[in-house]
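Everything below concerns the one structure shown next.
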Number of protein chains: 2
Amino acid sequence: MTTPCPLCQASAEDRVWANAELRVILVQEPDYPGLCRVIWREHVAEMTDLAADARARLMAAVWAVEAAVRVALKPAKVNLASLGNQVPHLHWHVIPRFRDDAHFPDAIWAARRRPGLAPAQKELDLGLLRTTLLANLDTRAK
Amino acid sequence: MTTPCPLCQASAEDRVWANAELRVILVQEPDYPGLCRVIWREHVAEMTDLAADARARLMAAVWAVEAAVRVALKPAKVNLASLGNQVPHLHWHVIPRFRDDAHFPDAIWAARRRPGLAPAQKELDLGLLRTTLLANLDTRAK
């Protein structure tokens, strides 16, 4: 590494949960309240760079986050993505999507279709999301 | 279902591999040769709608596809995404990305940065990708 990786050296993250291998953060993304990121601790680029058991543990955390997002926020759809073109350090976006959010039904990386938050996004209980994330991750991802 | 789901009723797909639960297709996407899609057969929307063992089998196919894409095409990065806002039927995009492709380093759903294919994309051996997909899926996804 010649330039520091921003995911190796976290700063000002809203970290909800972590273990020795990964952390789960709530992302400050104005258009997408409740957007979570699951970040693998080791600096590797691709899922198939991980051994099968490590891969399974990372995905167990992603599923625990998805389940928490669904229970706590009741989105119209959950979007999952591991891209890493800008920061090639394994991380998963778990994105609660709502009809009439800024880009629905397009991906959140597309041109926006409308300003501001959807009505359902204004009512989200992010405190409930935090407690549900903790409960799910404690029991399912360990 | 009031409208037919385009992923329940496949038409004109370039299907590379299938078993009773899922199929893998090569997508005709001019900007992204080698883009693969892994489509779960059952009409369910979210990963956490699946039982854990089914989820693991679907992801085993995704990893087998990612590994084949890496070996056969040597992309700069692989992008993985399960979105489904437009078609809420579980499917994974496995996208080989190259520096100077139409959107790099942005997501493929963003505004394009440049026309046409990157030099590396013009040299891709999609025949090799097919044989590698078959070998990987036969041994790893079953």
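Naming scheme: A, B, ... for chains in displayed order of the structure tokens; residues 1 onward per chain; ligands 1 onward as shown.
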
Could the residues of chain B within 6 Å of chain A, counting only C-alpha atoms, be given as a list in words, please?
Asn79, Leu80, Ala81, Ser82, Leu83, Asn85, Gln86, Pro105, Trp109 and Ala110 of chain B

Could you take the residues named above and write them with C-alpha atoms, as a CSV table (one decimal), in the first residue's frame?
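Saved as result-v4.csv:
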```csv
chain,number,residue,atom,x,y,z
B,79,ASN,CA,-18.4,-5.9,-8.3
B,80,LEU,CA,-21.2,-7.9,-6.6
B,81,ALA,CA,-24.7,-6.6,-6.1
B,82,SER,CA,-28.2,-7.9,-5.3
B,83,LEU,CA,-30.5,-4.9,-5.8
B,85,ASN,CA,-35.7,-2.7,-6.9
B,86,GLN,CA,-37.0,-3.1,-10.5
B,105,PRO,CA,-14.2,3.8,-10.6
B,109,TRP,CA,-25.3,2.4,-12.5
B,110,ALA,CA,-23.7,5.9,-12.3
```

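Scanning segment 14-142 of chain A with DSSP on the backbone, the strand (DSSP E) assignments fall on Asp14, Arg15, Val16, Trp17, Ala18, Leu22, Arg23, Val24, Ile25, Leu26, Cys36, Arg37, Val38, Ile39, Trp40, Lys77, Val78, Asn79, Leu80, Ala81, Ser82, His91, Trp92, His93, Val94, Ile95, Pro96 and Arg97 of chain A.
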
What is the atom CA of Cys5 of chain B to atom CA of Val38 of chain B distance in Å?
15.8 Å

All alpha helix (DSSP H) residues (DSSP, backbone) inside segment 28-104 of chain A, as a VMD selection string
chain A and resid 52 to 73

Since we have the selection now, will you write its residues out, keeping N, CA and C atoms, as a tab-separated table (two decimals), in the first residue's frame?
```tsv
chain	number	residue	atom	x	y	z
A	52	ALA	N	-13.08	-19.94	2.74
A	52	ALA	CA	-14.53	-20.18	2.76
A	52	ALA	C	-15.15	-19.90	4.13
A	53	ASP	N	-14.46	-20.27	5.20
A	53	ASP	CA	-15.07	-20.08	6.52
A	53	ASP	C	-15.10	-18.59	6.89
A	54	ALA	N	-14.09	-17.84	6.52
A	54	ALA	CA	-14.10	-16.39	6.77
A	54	ALA	C	-15.19	-15.72	5.95
A	55	ARG	N	-15.32	-16.15	4.71
A	55	ARG	CA	-16.36	-15.63	3.84
A	55	ARG	C	-17.74	-15.88	4.46
A	56	ALA	N	-17.94	-17.06	4.99
A	56	ALA	CA	-19.23	-17.40	5.60
A	56	ALA	C	-19.49	-16.52	6.84
A	57	ARG	N	-18.44	-16.24	7.60
A	57	ARG	CA	-18.64	-15.39	8.78
A	57	ARG	C	-18.96	-13.95	8.37
A	58	LEU	N	-18.30	-13.46	7.33
A	58	LEU	CA	-18.62	-12.11	6.85
A	58	LEU	C	-20.06	-12.07	6.37
A	59	MET	N	-20.48	-13.07	5.59
A	59	MET	CA	-21.85	-13.05	5.09
A	59	MET	C	-22.87	-13.24	6.21
A	60	ALA	N	-22.51	-14.00	7.25
A	60	ALA	CA	-23.43	-14.13	8.39
A	60	ALA	C	-23.71	-12.77	8.99
A	61	ALA	N	-22.68	-11.91	9.04
A	61	ALA	CA	-22.89	-10.56	9.56
A	61	ALA	C	-23.77	-9.75	8.60
A	62	VAL	N	-23.55	-9.92	7.30
A	62	VAL	CA	-24.37	-9.19	6.33
A	62	VAL	C	-25.84	-9.61	6.46
A	63	TRP	N	-26.07	-10.91	6.60
A	63	TRP	CA	-27.47	-11.37	6.75
A	63	TRP	C	-28.07	-10.87	8.06
A	64	ALA	N	-27.28	-10.83	9.12
A	64	ALA	CA	-27.78	-10.33	10.40
A	64	ALA	C	-28.16	-8.85	10.27
A	65	VAL	N	-27.37	-8.11	9.52
A	65	VAL	CA	-27.67	-6.69	9.31
A	65	VAL	C	-28.91	-6.55	8.44
A	66	GLU	N	-28.97	-7.34	7.37
A	66	GLU	CA	-30.17	-7.26	6.52
A	66	GLU	C	-31.43	-7.56	7.32
A	67	ALA	N	-31.36	-8.59	8.14
A	67	ALA	CA	-32.54	-8.97	8.93
A	67	ALA	C	-32.92	-7.84	9.89
A	68	ALA	N	-31.93	-7.21	10.51
A	68	ALA	CA	-32.22	-6.10	11.43
A	68	ALA	C	-32.84	-4.92	10.69
A	69	VAL	N	-32.29	-4.62	9.53
A	69	VAL	CA	-32.82	-3.51	8.72
A	69	VAL	C	-34.28	-3.78	8.36
A	70	ARG	N	-34.56	-5.02	7.99
A	70	ARG	CA	-35.94	-5.34	7.59
A	70	ARG	C	-36.90	-5.23	8.76
A	71	VAL	N	-36.49	-5.76	9.91
A	71	VAL	CA	-37.38	-5.74	11.08
A	71	VAL	C	-37.58	-4.32	11.59
A	72	ALA	N	-36.49	-3.56	11.67
A	72	ALA	CA	-36.55	-2.25	12.32
A	72	ALA	C	-37.08	-1.16	11.39
A	73	LEU	N	-36.80	-1.27	10.10
A	73	LEU	CA	-37.12	-0.15	9.19
A	73	LEU	C	-38.20	-0.49	8.16
```

Using only C-alpha atoms, find the one residue out of B:Pro33, B:Leu134, B:His89, B:Arg140 that sits nearest to Lys122 of chain B.
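Between B:Pro33, B:Leu134, B:His89, B:Arg140, the residue approaching Lys122 of chain B most closely is B:Pro33.
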
Spatial neighbours of Pro6 of chain A, max dist 12 Å, only C-alpha atoms, sep filter under 2 positions, as a PyMOL selection string:
chain A and resi 1+3-4+8-13+39+41+43+84+86-91

Keeping only C-alpha atoms, write the selected residues as a PDB file, in the first residue's frame.
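Contents of the output file result_26.pdb:
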```pdb
ATOM      1  CA  MET A   1       0.000   0.000   0.000  1.00  0.00           C
ATOM      2  CA  THR A   3      -1.564   5.416   0.024  1.00  0.00           C
ATOM      3  CA  PRO A   4      -3.334   4.857   3.352  1.00  0.00           C
ATOM      4  CA  CYS A   8      -7.943   0.217   7.340  1.00  0.00           C
ATOM      5  CA  GLN A   9      -7.743   3.386   9.378  1.00  0.00           C
ATOM      6  CA  ALA A  10     -11.243   4.295  10.439  1.00  0.00           C
ATOM      7  CA  SER A  11     -12.017   7.833  11.530  1.00  0.00           C
ATOM      8  CA  ALA A  12     -15.229   9.354  12.825  1.00  0.00           C
ATOM      9  CA  GLU A  13     -17.252   6.219  12.195  1.00  0.00           C
ATOM     10  CA  ILE A  39     -16.342  -3.809   6.867  1.00  0.00           C
ATOM     11  CA  ARG A  41     -10.906  -5.822   9.113  1.00  0.00           C
ATOM     12  CA  HIS A  43      -7.200  -5.390   3.835  1.00  0.00           C
ATOM     13  CA  GLY A  84     -14.734  -1.463  -3.873  1.00  0.00           C
ATOM     14  CA  GLN A  86     -12.637   3.331  -5.133  1.00  0.00           C
ATOM     15  CA  VAL A  87     -11.550   1.594  -1.933  1.00  0.00           C
ATOM     16  CA  PRO A  88     -10.494  -2.004  -2.662  1.00  0.00           C
ATOM     17  CA  HIS A  89     -10.944  -3.178   0.914  1.00  0.00           C
ATOM     18  CA  LEU A  90     -13.830  -5.618   1.419  1.00  0.00           C
ATOM     19  CA  HIS A  91     -16.984  -3.911   2.614  1.00  0.00           C
TER      20      HIS A  91
END
```
